[in-house]
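A.B. asks: Here you go, query-v5.txt (compact mmCIF, C-alpha atoms):
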```
# COMPACT_ATOMS: atom_id res chain seq x y z
CA MET A 30 -44.71 -97.29 52.89
CA ASP A 31 -45.01 -98.82 49.56
CA SER A 32 -45.79 -98.62 45.95
CA GLU A 33 -48.76 -101.01 46.44
CA ASN A 34 -50.81 -98.28 48.06
CA PRO A 35 -50.85 -95.41 45.60
CA ALA A 36 -53.14 -93.16 47.65
CA ALA A 37 -50.75 -93.41 50.59
CA ASN A 38 -47.79 -92.57 48.35
CA LEU A 39 -49.21 -89.20 47.32
CA GLN A 40 -50.14 -88.50 50.94
CA GLN A 41 -46.43 -88.60 51.72
CA ILE A 42 -46.04 -85.31 49.82
CA PHE A 43 -49.57 -84.00 50.44
CA PRO A 44 -50.38 -85.11 54.00
CA ALA A 45 -53.27 -82.70 54.47
CA GLY A 46 -56.41 -82.54 52.37
CA ASP A 47 -57.64 -84.20 49.21
CA VAL A 48 -55.34 -84.71 46.24
CA PHE A 49 -56.65 -83.65 42.83
CA VAL A 50 -55.49 -84.82 39.43
CA VAL A 51 -55.50 -81.83 37.07
CA THR A 52 -54.94 -82.36 33.37
CA ASP A 53 -55.35 -80.71 29.97
CA ASP A 54 -56.07 -84.05 28.30
CA GLU A 55 -59.59 -85.43 28.12
CA ASP A 56 -58.45 -89.05 27.63
CA LEU A 57 -56.28 -88.92 30.72
CA ALA A 58 -59.03 -87.18 32.69
CA GLY A 59 -61.41 -90.02 31.84
CA TYR A 60 -58.79 -92.60 32.75
CA ALA A 61 -58.20 -90.96 36.13
CA GLU A 62 -61.93 -90.68 36.87
CA GLU A 63 -62.43 -94.36 36.07
CA ARG A 64 -59.88 -95.13 38.79
CA GLY A 65 -61.71 -93.05 41.35
CA LEU A 66 -59.28 -90.15 41.37
CA ARG A 67 -60.62 -86.64 42.03
CA THR A 68 -60.08 -85.11 38.61
CA VAL A 69 -60.30 -81.51 37.41
CA ARG A 70 -59.77 -80.24 33.88
CA LEU A 71 -57.10 -77.58 33.49
CA ASP A 72 -59.61 -74.94 32.42
CA ARG A 73 -61.43 -75.38 35.76
CA VAL A 74 -58.43 -75.15 38.04
CA ASP A 75 -59.59 -71.76 39.37
CA ASP A 76 -62.47 -73.62 41.04
CA LEU A 77 -60.08 -75.41 43.40
CA PRO A 78 -59.83 -74.05 46.95
CA ASP A 79 -56.70 -72.21 48.07
CA GLY A 80 -54.00 -74.61 49.19
CA ALA A 81 -55.43 -77.58 47.31
CA ALA A 82 -53.00 -80.40 46.50
CA VAL A 83 -52.61 -81.07 42.79
CA VAL A 84 -50.84 -83.61 40.62
CA LEU A 85 -50.69 -81.75 37.31
CA PHE A 86 -50.37 -83.87 34.18
CA LEU A 87 -49.61 -81.56 31.24
CA CYS A 88 -50.15 -83.58 28.07
CA ARG A 89 -51.29 -80.99 25.52
CA ASN A 90 -49.20 -78.07 26.76
CA LEU A 91 -45.59 -77.56 27.66
CA VAL A 92 -45.02 -75.52 30.80
CA SER A 93 -45.74 -71.80 30.30
CA ARG A 94 -45.79 -68.69 32.46
CA GLU A 95 -49.55 -68.50 32.04
CA ILE A 96 -50.00 -72.01 33.39
CA ARG A 97 -47.56 -71.44 36.25
CA ARG A 98 -49.42 -68.32 37.30
CA ARG A 99 -52.71 -70.18 37.66
CA PHE A 100 -51.27 -72.52 40.29
CA ARG A 101 -49.59 -70.02 42.62
CA ARG A 102 -52.10 -70.54 45.43
CA LEU A 103 -51.98 -74.33 45.17
CA ARG A 104 -49.53 -77.15 46.00
CA VAL A 105 -48.30 -78.79 42.80
CA LEU A 106 -46.51 -81.98 41.81
CA LEU A 107 -45.84 -81.41 38.11
CA VAL A 108 -45.68 -84.24 35.59
CA PRO A 109 -44.67 -82.73 32.20
CA VAL A 110 -45.99 -85.52 30.00
CA ALA A 111 -45.91 -83.33 26.87
CA SER A 112 -42.12 -83.06 27.16
CA PHE A 113 -41.90 -86.82 26.55
CA ASP A 114 -44.84 -88.69 24.97
CA PRO A 115 -48.41 -87.39 25.27
CA SER A 116 -50.09 -90.38 23.63
CA PRO A 117 -52.97 -91.80 25.71
CA GLU A 118 -51.08 -95.01 26.44
CA ALA A 119 -47.93 -93.25 27.58
CA ALA A 120 -49.88 -90.72 29.63
CA ALA A 121 -51.84 -93.45 31.43
CA TYR A 122 -48.63 -95.38 32.06
CA THR A 123 -47.01 -92.24 33.45
CA LEU A 124 -49.98 -91.59 35.72
CA GLU A 125 -49.76 -95.11 37.14
CA LEU A 126 -46.04 -94.86 37.84
CA THR A 127 -46.58 -91.44 39.45
CA ARG A 128 -49.10 -93.03 41.81
CA HIS A 129 -46.88 -96.01 42.59
CA THR A 130 -43.76 -94.04 43.42
CA ASP A 131 -42.69 -94.22 47.07
CA TYR A 132 -41.81 -90.55 47.53
CA ARG A 133 -40.51 -90.97 51.07
CA LYS A 134 -38.04 -93.61 49.93
CA ALA A 135 -37.01 -91.46 46.98
CA CYS A 136 -36.26 -88.64 49.42
CA ASP A 137 -34.23 -91.05 51.56
CA TRP A 138 -32.16 -91.85 48.52
CA ASN A 139 -31.71 -88.18 47.68
CA ARG A 140 -30.51 -87.51 51.22
CA TYR A 141 -28.13 -90.45 50.91
CA TRP A 142 -26.65 -88.97 47.72
CA VAL A 143 -26.26 -85.55 49.31
CA ARG A 144 -24.21 -87.13 52.11
CA ALA A 145 -22.30 -89.58 49.96
CA ILE A 146 -21.29 -87.13 47.27
CA SER A 147 -20.28 -84.57 49.87
CA ASP A 148 -18.26 -86.96 52.02
CA GLU A 149 -17.05 -89.99 50.09
CA PRO A 150 -13.61 -89.69 48.48
CA GLY A 151 -12.64 -91.10 45.15
CA PRO A 152 -14.53 -91.50 41.90
CA LEU A 153 -18.12 -92.71 41.84
CA VAL A 154 -18.21 -96.08 40.11
CA PHE A 155 -21.27 -97.84 38.71
CA GLU A 156 -20.68 -101.46 37.83
CA GLY A 157 -22.57 -104.66 37.12
CA SER A 158 -24.30 -106.49 34.27
CA GLY A 159 -21.88 -105.15 31.67
CA THR A 160 -21.82 -101.59 32.97
CA SER A 161 -18.57 -100.16 34.28
CA LEU A 162 -18.59 -96.39 34.57
CA GLU A 163 -16.06 -94.32 36.47
CA CYS A 164 -17.32 -90.81 37.26
CA VAL A 165 -14.71 -88.39 38.55
CA LEU A 166 -16.57 -85.65 40.41
CA ALA A 167 -15.48 -82.04 40.82
CA ASP A 168 -14.69 -80.60 44.25
CA ARG A 169 -17.53 -78.07 43.88
CA LEU A 170 -20.86 -79.28 42.57
CA SER A 171 -24.43 -78.14 42.09
CA ALA A 172 -27.16 -80.74 41.89
CA ASP A 173 -30.88 -80.95 41.25
CA ALA A 174 -32.85 -83.01 43.76
CA TRP A 175 -35.85 -82.63 46.05
CA TYR A 176 -35.81 -84.32 49.45
CA GLY A 177 -38.12 -82.06 51.40
CA GLU A 178 -40.91 -84.65 51.06
CA GLU A 179 -43.91 -82.33 51.46
CA ILE A 180 -44.85 -79.71 48.86
CA GLY A 181 -46.21 -76.54 50.43
CA VAL A 182 -48.58 -73.88 49.13
CA GLY A 183 -47.00 -72.14 46.14
CA GLY A 184 -44.68 -75.08 45.53
CA TRP A 185 -44.15 -76.30 41.94
CA ILE A 186 -42.06 -79.44 42.02
CA SER A 187 -41.48 -81.67 39.02
CA VAL A 188 -41.83 -85.38 39.74
CA GLY A 189 -38.34 -85.77 38.29
CA SER A 190 -36.89 -83.81 41.21
CA TYR A 191 -37.96 -86.60 43.56
CA CYS A 192 -36.97 -89.46 41.31
CA GLU A 193 -33.39 -88.58 40.48
CA PHE A 194 -30.32 -86.85 41.83
CA SER A 195 -29.03 -84.96 38.80
CA LEU A 196 -25.65 -83.42 38.04
CA THR A 197 -25.26 -81.38 34.86
CA ALA A 198 -22.37 -79.80 33.00
CA PRO A 199 -22.00 -76.13 34.02
CA SER A 200 -22.16 -74.68 30.49
CA SER A 201 -21.45 -75.35 26.83
CA SER A 202 -17.95 -73.96 27.35
CA ASP A 203 -17.27 -76.08 30.45
CA TRP A 204 -18.25 -79.69 29.85
CA HIS A 205 -15.97 -81.09 32.55
CA GLY A 206 -16.65 -78.65 35.39
CA ALA A 207 -18.93 -81.10 37.24
CA PHE A 208 -17.81 -84.59 36.22
CA THR A 209 -15.83 -86.63 33.72
CA ILE A 210 -17.03 -90.10 32.83
CA ASP A 211 -15.16 -93.03 31.33
CA GLY A 212 -16.21 -96.59 30.65
CA THR A 213 -19.12 -98.62 29.34
CA ALA A 214 -22.83 -98.49 30.04
CA VAL A 215 -25.47 -101.00 29.01
CA ALA A 216 -28.77 -99.15 28.75
CA ALA A 217 -32.13 -100.88 28.90
CA GLY A 218 -34.11 -97.72 28.28
CA VAL A 219 -33.87 -94.65 26.08
CA LEU A 220 -35.88 -91.46 26.54
CA VAL A 221 -36.29 -88.39 24.35
CA ALA A 222 -37.46 -85.11 25.85
CA LYS A 223 -38.00 -81.49 24.91
CA ASP A 224 -37.97 -78.40 27.04
CA ALA A 225 -40.65 -75.67 26.98
CA ARG A 226 -37.98 -73.31 25.60
CA VAL A 227 -37.36 -75.50 22.54
CA THR A 228 -36.14 -73.67 19.43
CA GLU A 229 -37.35 -74.31 15.88
CA ALA A 230 -34.14 -76.11 15.00
CA GLY A 231 -34.36 -78.04 18.23
CA ALA A 232 -37.89 -79.17 17.48
CA ALA A 233 -36.78 -80.59 14.13
CA ARG A 234 -33.95 -82.51 15.79
CA ILE A 235 -36.33 -83.78 18.48
CA ALA A 236 -38.74 -85.11 15.86
CA ARG A 237 -35.88 -87.12 14.36
CA ALA A 238 -34.78 -88.20 17.84
CA HIS A 239 -38.16 -89.83 18.43
CA GLU A 240 -37.70 -91.91 15.28
CA LEU A 241 -34.21 -92.83 16.43
CA ARG A 242 -35.51 -93.79 19.85
CA ALA A 243 -38.09 -96.13 18.33
CA GLU A 244 -35.35 -97.80 16.32
CA LEU A 245 -33.14 -98.21 19.37
CA ALA A 246 -35.99 -99.58 21.47
CA ALA A 247 -36.68 -102.22 18.84
CA ARG A 248 -33.06 -103.42 18.87
CA GLY A 249 -32.69 -104.11 22.57
CA PRO A 250 -30.00 -102.88 24.98
CA VAL A 251 -27.79 -100.01 23.88
CA THR A 252 -24.07 -100.25 24.66
CA LEU A 253 -22.40 -96.89 25.21
CA ARG A 254 -18.66 -96.32 25.35
CA LEU A 255 -17.31 -93.13 26.83
CA ASP A 256 -13.87 -91.57 26.86
CA ALA A 257 -13.09 -88.45 28.90
CA GLY A 258 -16.74 -87.45 29.11
CA VAL A 259 -17.54 -87.96 25.44
CA LEU A 260 -19.68 -90.71 23.94
CA THR A 261 -17.46 -92.47 21.41
CA THR A 262 -19.86 -95.23 20.34
CA ALA A 263 -23.49 -96.15 20.81
CA GLU A 264 -24.40 -99.58 19.48
CA ALA A 265 -27.60 -101.60 19.51
CA GLY A 266 -28.40 -104.83 17.70
CA GLY A 267 -25.04 -104.75 15.92
CA GLU A 268 -25.57 -101.30 14.44
CA ASP A 269 -23.75 -98.07 15.24
CA PHE A 270 -25.98 -95.10 16.09
CA THR A 271 -23.26 -92.65 17.17
CA ASP A 272 -23.54 -90.23 14.27
CA ALA A 273 -27.33 -90.17 14.42
CA LEU A 274 -27.23 -89.37 18.15
CA ARG A 275 -24.71 -86.60 17.62
CA GLU A 276 -26.97 -84.92 15.12
CA VAL A 277 -30.23 -85.08 17.09
CA THR A 278 -28.66 -83.84 20.35
CA ASN A 279 -27.04 -80.84 18.58
CA PRO A 280 -23.82 -81.69 16.75
CA ASP A 281 -22.12 -78.60 18.20
CA TYR A 282 -22.01 -80.47 21.53
CA GLY A 283 -20.02 -83.36 20.11
CA LEU A 284 -21.78 -85.93 22.33
CA HIS A 285 -20.33 -84.52 25.55
CA VAL A 286 -22.24 -85.93 28.50
CA LEU A 287 -24.56 -83.18 29.73
CA GLU A 288 -26.18 -85.08 32.59
CA LEU A 289 -25.14 -87.68 35.14
CA GLY A 290 -28.48 -88.77 36.53
CA ILE A 291 -28.66 -91.00 39.59
CA GLY A 292 -31.95 -92.84 40.06
CA THR A 293 -33.76 -92.65 43.37
CA ASN A 294 -36.95 -94.52 42.44
CA MET A 295 -35.67 -98.07 41.90
CA ASP A 296 -38.62 -99.72 43.68
CA LEU A 297 -40.55 -98.91 40.52
CA LEU A 298 -38.36 -101.19 38.40
CA PRO A 299 -40.74 -104.20 38.29
CA ARG A 300 -43.42 -101.93 36.79
CA VAL A 301 -41.22 -100.36 34.13
CA ASP A 302 -41.88 -100.86 30.41
CA TRP A 303 -38.67 -99.75 28.69
CA THR A 304 -40.48 -99.31 25.37
CA ARG A 305 -42.31 -96.32 26.87
CA ASN A 306 -40.98 -92.78 26.56
CA SER A 307 -41.97 -91.74 30.09
CA GLN A 308 -40.18 -89.46 32.54
CA LEU A 309 -41.01 -91.95 35.30
CA ASN A 310 -38.70 -94.54 33.70
CA GLU A 311 -35.75 -92.25 34.27
CA GLY A 312 -35.35 -92.66 38.03
CA ALA A 313 -36.14 -96.39 38.08
CA GLY A 314 -32.62 -97.39 37.10
CA PRO A 315 -29.56 -96.73 39.27
CA VAL A 316 -27.93 -94.40 36.74
CA HIS A 317 -28.62 -92.67 33.45
CA LEU A 318 -26.57 -90.51 31.12
CA GLY A 319 -28.08 -87.57 29.28
CA PHE A 320 -27.00 -85.82 26.08
CA GLY A 321 -28.41 -82.57 24.70
CA GLU A 322 -30.58 -80.09 26.60
CA GLY A 323 -34.00 -80.45 24.98
CA ILE A 324 -33.83 -76.86 23.70
CA THR A 325 -31.51 -76.77 20.66
CA GLY A 326 -31.72 -80.52 20.23
CA ALA A 327 -33.20 -83.54 21.93
CA HIS A 328 -32.35 -84.43 25.51
CA VAL A 329 -31.67 -88.15 25.17
CA ASP A 330 -31.32 -90.27 28.30
CA PHE A 331 -29.81 -93.75 28.39
CA ILE A 332 -30.95 -95.62 31.48
CA VAL A 333 -28.96 -98.43 33.07
CA ALA A 334 -31.34 -100.87 34.75
CA GLU A 335 -28.87 -102.98 36.71
CA SER A 336 -25.74 -101.93 38.52
CA GLY A 337 -24.32 -101.33 41.96
CA HIS A 338 -22.17 -98.41 42.96
CA ARG A 339 -19.20 -97.57 45.13
CA PHE A 340 -16.88 -94.67 45.77
CA GLY A 341 -13.28 -95.46 44.97
CA GLU A 342 -12.48 -98.78 46.56
CA SER A 343 -14.98 -98.45 49.40
CA ARG A 344 -18.25 -100.27 49.95
CA ALA A 345 -20.89 -97.57 50.03
CA VAL A 346 -23.57 -97.65 52.75
CA GLN A 347 -26.98 -97.32 51.15
CA PRO A 348 -30.47 -96.73 52.53
CA GLN A 349 -32.59 -99.89 52.97
CA MET B 5 -14.64 -83.55 50.99
CA ARG B 6 -16.73 -81.90 48.23
CA GLU B 7 -18.69 -78.66 48.35
CA LEU B 8 -22.20 -79.58 47.21
CA SER B 9 -25.11 -77.18 46.73
CA ILE B 10 -28.65 -78.24 45.90
CA ARG B 11 -30.45 -75.96 43.44
CA GLU B 12 -33.88 -74.55 44.18
CA GLN B 13 -36.42 -76.87 42.52
CA SER B 14 -39.42 -74.57 42.49
CA TRP B 15 -39.97 -71.22 40.81
CA SER B 16 -42.75 -68.71 40.68
CA LEU B 17 -43.78 -65.25 39.53
CA ASP B 18 -44.95 -62.38 41.66
CA ASP B 19 -47.82 -60.08 40.70
CA GLU B 20 -45.44 -57.91 38.69
CA GLU B 21 -44.30 -60.93 36.65
CA HIS B 22 -40.89 -60.96 38.31
CA LEU B 23 -39.23 -64.24 38.99
CA VAL B 24 -39.32 -65.34 42.62
CA GLY B 25 -36.59 -67.61 43.85
CA ASP B 26 -33.25 -68.73 42.53
CA ALA B 27 -34.06 -68.99 38.83
CA GLU B 28 -31.47 -66.65 37.29
CA ARG B 29 -29.48 -69.58 35.91
CA LEU B 30 -32.57 -70.68 34.02
CA GLU B 31 -32.61 -67.37 32.12
CA SER B 32 -29.09 -67.85 30.75
CA ASP B 33 -28.53 -67.50 27.01
CA ASP B 34 -26.41 -70.65 27.19
CA PRO B 35 -28.90 -73.49 26.84
CA VAL B 36 -26.60 -75.93 28.65
CA LYS B 37 -26.32 -73.59 31.62
CA ALA B 38 -30.07 -72.95 31.51
CA ALA B 39 -30.99 -76.61 31.19
CA THR B 40 -33.29 -77.94 33.80
CA ILE B 41 -33.79 -81.58 33.17
CA GLN B 42 -37.13 -81.53 35.00
CA TYR B 43 -39.03 -79.60 32.26
CA SER B 44 -40.76 -77.41 34.81
CA TYR B 45 -39.52 -73.98 33.67
CA ALA B 46 -40.83 -71.54 31.05
CA LYS B 47 -39.06 -68.42 29.87
CA ILE B 48 -40.82 -65.12 29.19
```
What do you get writing this file as structure tokens?
C.D. replies:
Amino acid sequence: MDSENPAANLQQIFPAGDVFVVTDDEDLAGYAEERGLRTVRLDRVDDLPDGAAVVLFLCRNLVSREIRRRFRRLRVLLVPVASFDPSPEAAAYTLELTRHTDYRKACDWNRYWVRAISDEPGPLVFEGSGTSLECVLADRLSADAWYGEEIGVGGWISVGSYCEFSLTAPSSSDWHGAFTIDGTAVAAGVLVAKDARVTEAGAARIARAHELRAELAARGPVTLRLDAGVLTTAEAGGEDFTDALREVTNPDYGLHVLELGIGTNMDLLPRVDWTRNSQLNEGAGPVHLGFGEGITGAHVDFIVAESGHRFGESRAVQPQ
Amino acid sequence: MRELSIREQSWSLDDEEHLVGDAERLESDDPVKAATIQYSYAKI
């Protein structure tokens, strides 16, 4: 099953019944309709039959309790476009990558990571094309990933849960309780995101983070250097952006790595435009590092596009 | 070798507006602890 057959991809997670695109954005609704997708505006979602399968693109609204409540009787794949870039171009791009994701293969990769992280000894190493990251993992870990394939009635699954296997620091007083990372990463892509619980101060930092992201994207790959789980330098095009990143991700966090994100959607890589601020870019690279939570400051992801991985000195066995 | 748990990825509300499922972490006052990098959660 393949990313060349987008209708079949969504049937992997919604095997029964029609799949509806639901959105709060008129431009995206028109775009979806032009491509023959069954499209419903958000204000008409109550017209959908019980159990209907929905891909929900929220462009004008962040997630809210009111919105969640309206979808309790439905099956939902959530794409929180508004958390990233709700412009018409970015939203259309995100819709296309959502359609072209091979969800079954992403689940295979998530299952691989569950087994590998549980069973393989030694640090997790990502290396290749200038990247050399050693990730020492804790003996007890909690991760975010979805590998159940199908979404049932009442389900509310973010597309990101399929497309990455994510480890995060336990708290702001325990940055090393899940992992400690050392080394160098060469990032092709940078993303900026905000959470629905964003604070006023956080929103101001996120606005500046978007400007910073545009500057980074214009300068080409970003080279990150990390020491004991802290970003010590971030350089692009010969310029140092470390201080600027510290400020926009909440300076209280001192550029501690908040997220070790492992991509599970690498088949998408040929379709990726790294200039786009789209959640679907995140899982297309083998690994990404995240700083900030998107609440008190920006969540900024740096995505490595090319690297292999191993555990310790072993050769890891990966899904085909 | 390692003890790995996978967090619940979905959340919902019952008719009394109570959280259903394992979402207590998401209500933490510590934003790092409450962070869900999938942007699918909204607090009261």
A.B. asks: For Val84 (chain A), find every residue with an atom within 12 Å (counting only C-alpha atoms), except residues of its own chain fewer than 3 positions away, and show them as a VMD selection string.
C.D. replies: chain A and resid 39 to 40 42 to 43 47 to 53 58 61 66 to 71 74 81 87 100 103 to 110 123 to 124 127 to 128 180 184 to 188
A.B. asks: Hey, which bits of chain B sit within 9 Å of chain A, and for each residue what's the closest pair of atoms and how far apart in Å (one decimal), counting all atoms listed in the file, rows by chain and increasing number, as a Markdown table?
C.D. replies:
```
| residue | atom | partner | partner_atom | distance |
| --- | --- | --- | --- | --- |
| B:Met5 | CA | A:Asp148 | CA | 5.1 |
| B:Arg6 | CA | A:Asp168 | CA | 4.7 |
| B:Glu7 | CA | A:Arg169 | CA | 4.7 |
| B:Leu8 | CA | A:Leu170 | CA | 4.8 |
| B:Ser9 | CA | A:Ser171 | CA | 4.8 |
| B:Ile10 | CA | A:Ala172 | CA | 5.0 |
| B:Arg11 | CA | A:Asp173 | CA | 5.5 |
| B:Glu12 | CA | A:Asp173 | CA | 7.7 |
| B:Gln13 | CA | A:Ile186 | CA | 6.2 |
| B:Ser14 | CA | A:Trp185 | CA | 5.1 |
| B:Trp15 | CA | A:Trp185 | CA | 6.7 |
| B:Ser16 | CA | A:Arg97 | CA | 7.1 |
| B:Leu17 | CA | A:Arg98 | CA | 6.8 |
| B:Asp18 | CA | A:Arg98 | CA | 8.6 |
| B:Glu21 | CA | A:Arg94 | CA | 8.9 |
| B:Asp34 | CA | A:Ser200 | CA | 6.7 |
| B:Pro35 | CA | A:Ile324 | CA | 6.7 |
| B:Val36 | CA | A:Ser200 | CA | 5.0 |
| B:Lys37 | CA | A:Ser200 | CA | 4.4 |
| B:Ala38 | CA | A:Ser200 | CA | 8.2 |
| B:Ala39 | CA | A:Glu322 | CA | 5.8 |
| B:Thr40 | CA | A:Glu322 | CA | 8.0 |
| B:Ile41 | CA | A:Glu322 | CA | 7.5 |
| B:Gln42 | CA | A:Gly189 | CA | 5.5 |
| B:Tyr43 | CA | A:Asp224 | CA | 5.5 |
| B:Ser44 | CA | A:Ser187 | CA | 6.0 |
| B:Tyr45 | CA | A:Val92 | CA | 6.4 |
| B:Ala46 | CA | A:Ser93 | CA | 5.0 |
| B:Lys47 | CA | A:Arg226 | CA | 6.6 |
| B:Ile48 | CA | A:Arg94 | CA | 6.9 |
```
A.B. asks: Applying 9 Å and only C-alpha atoms, which residues near Gly159 (chain A) remain after dropping the ones on its own chain fewer than 4 positions away? List them as number ranges by chain.
C.D. replies: A: 213-215, 252, 335-336
A.B. asks: Please compute the CA of Thr293 (chain A)-CA of Leu30 (chain B) distance, one decimal, in Å.
C.D. replies: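 CA of Thr293 (chain A) sits 23.9 Å away from CA of Leu30 (chain B).
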A.B. asks: Quick check, in Å to one decimal: how far apart do CA of Glu244 (chain A) and CA of Ala265 (chain A) lie?
C.D. replies: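 Pair CA of Glu244 (chain A) / CA of Ala265 (chain A) returns 9.2 Å.
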A.B. asks: Assuming 5 Å of padding per side, give the centre and edge lengths of the axis-aligned box around every listed atom of region 289-308 of chain A, in Å to one decimal and as AutoDock Vina command-line options.
C.D. replies:
```
--center_x -34.3 --center_y -95.9 --center_z 34.5 --size_x 28.3 --size_y 26.5 --size_z 28.3
```
A.B. asks: Restricting the calculation to only C-alpha atoms: of A:Asn90, A:Gly212, A:Glu264, A:Val301, which residue gets closest to Glu156 (chain A)?
C.D. replies: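 Under the stated criterion, the closest residue is A:Gly212.
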A.B. asks: I want to know what sits within 12 Å of Arg133 (chain A), based on only C-alpha atoms, with residues of the same chain fewer than 5 positions away left out; could you give that as a list in words?
C.D. replies: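 Contacts, with the query itself left out: Met30, Asp31, Ser32, Ala37, Asn38, Leu39, Gln40, Gln41, Ile42, Phe43, Pro44, Trp138, Asn139, Arg140, Trp175, Tyr176, Gly177, Glu178, Glu179, Tyr191, Cys192, Thr293, Asn294, Asp296 and Pro348 of chain A.
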A.B. asks: Quick one, how far is CA of Gly157 (chain A) from CA of Ala327 (chain A)?
C.D. replies: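 If I compute the distance from CA of Gly157 (chain A) to CA of Ala327 (chain A), I get 28.1 Å.
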A.B. asks: Export region 27-38 of chain B from the structure block above, keeping N, CA, C and O atoms, as a PDB file, in the first residue's frame.
C.D. replies:
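And here's decode_33.pdb as it stands now:
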```pdb
ATOM      1  N   ALA B  27      -5.886  11.342  30.770  1.00  0.00           N
ATOM      2  CA  ALA B  27      -5.476  12.684  30.358  1.00  0.00           C
ATOM      3  C   ALA B  27      -5.030  13.532  31.529  1.00  0.00           C
ATOM      4  O   ALA B  27      -4.811  14.726  31.363  1.00  0.00           O
ATOM      5  N   GLU B  28      -4.879  12.917  32.715  1.00  0.00           N
ATOM      6  CA  GLU B  28      -4.519  13.716  33.895  1.00  0.00           C
ATOM      7  C   GLU B  28      -3.223  14.466  33.711  1.00  0.00           C
ATOM      8  O   GLU B  28      -3.078  15.607  34.134  1.00  0.00           O
ATOM      9  N   ARG B  29      -2.252  13.818  33.063  1.00  0.00           N
ATOM     10  CA  ARG B  29      -0.953  14.466  32.832  1.00  0.00           C
ATOM     11  C   ARG B  29      -1.140  15.775  32.076  1.00  0.00           C
ATOM     12  O   ARG B  29      -0.445  16.764  32.330  1.00  0.00           O
ATOM     13  N   LEU B  30      -2.104  15.782  31.168  1.00  0.00           N
ATOM     14  CA  LEU B  30      -2.303  16.948  30.317  1.00  0.00           C
ATOM     15  C   LEU B  30      -2.856  18.133  31.096  1.00  0.00           C
ATOM     16  O   LEU B  30      -2.864  19.250  30.590  1.00  0.00           O
ATOM     17  N   GLU B  31      -3.354  17.896  32.305  1.00  0.00           N
ATOM     18  CA  GLU B  31      -3.899  18.966  33.138  1.00  0.00           C
ATOM     19  C   GLU B  31      -2.845  19.527  34.097  1.00  0.00           C
ATOM     20  O   GLU B  31      -3.137  20.417  34.881  1.00  0.00           O
ATOM     21  N   SER B  32      -1.629  19.035  34.016  1.00  0.00           N
ATOM     22  CA  SER B  32      -0.586  19.483  34.944  1.00  0.00           C
ATOM     23  C   SER B  32      -0.322  20.980  34.800  1.00  0.00           C
ATOM     24  O   SER B  32      -0.399  21.549  33.702  1.00  0.00           O
ATOM     25  N   ASP B  33       0.035  21.607  35.925  1.00  0.00           N
ATOM     26  CA  ASP B  33       0.426  23.020  35.902  1.00  0.00           C
ATOM     27  C   ASP B  33       1.825  23.204  35.312  1.00  0.00           C
ATOM     28  O   ASP B  33       2.220  24.332  35.012  1.00  0.00           O
ATOM     29  N   ASP B  34       2.574  22.149  35.214  1.00  0.00           N
ATOM     30  CA  ASP B  34       3.906  22.215  34.594  1.00  0.00           C
ATOM     31  C   ASP B  34       3.732  22.028  33.092  1.00  0.00           C
ATOM     32  O   ASP B  34       3.374  20.941  32.639  1.00  0.00           O
ATOM     33  N   PRO B  35       3.975  23.081  32.313  1.00  0.00           N
ATOM     34  CA  PRO B  35       3.713  22.969  30.876  1.00  0.00           C
ATOM     35  C   PRO B  35       4.561  21.906  30.183  1.00  0.00           C
ATOM     36  O   PRO B  35       4.143  21.358  29.169  1.00  0.00           O
ATOM     37  N   VAL B  36       5.744  21.620  30.708  1.00  0.00           N
ATOM     38  CA  VAL B  36       6.572  20.580  30.089  1.00  0.00           C
ATOM     39  C   VAL B  36       5.920  19.215  30.327  1.00  0.00           C
ATOM     40  O   VAL B  36       5.802  18.401  29.421  1.00  0.00           O
ATOM     41  N   LYS B  37       5.467  18.999  31.547  1.00  0.00           N
ATOM     42  CA  LYS B  37       4.786  17.740  31.856  1.00  0.00           C
ATOM     43  C   LYS B  37       3.495  17.621  31.058  1.00  0.00           C
ATOM     44  O   LYS B  37       3.115  16.537  30.622  1.00  0.00           O
ATOM     45  N   ALA B  38       2.796  18.730  30.875  1.00  0.00           N
ATOM     46  CA  ALA B  38       1.502  18.715  30.186  1.00  0.00           C
ATOM     47  C   ALA B  38       1.630  18.729  28.666  1.00  0.00           C
ATOM     48  O   ALA B  38       0.631  18.609  27.968  1.00  0.00           O
TER      49      ALA B  38
END
```
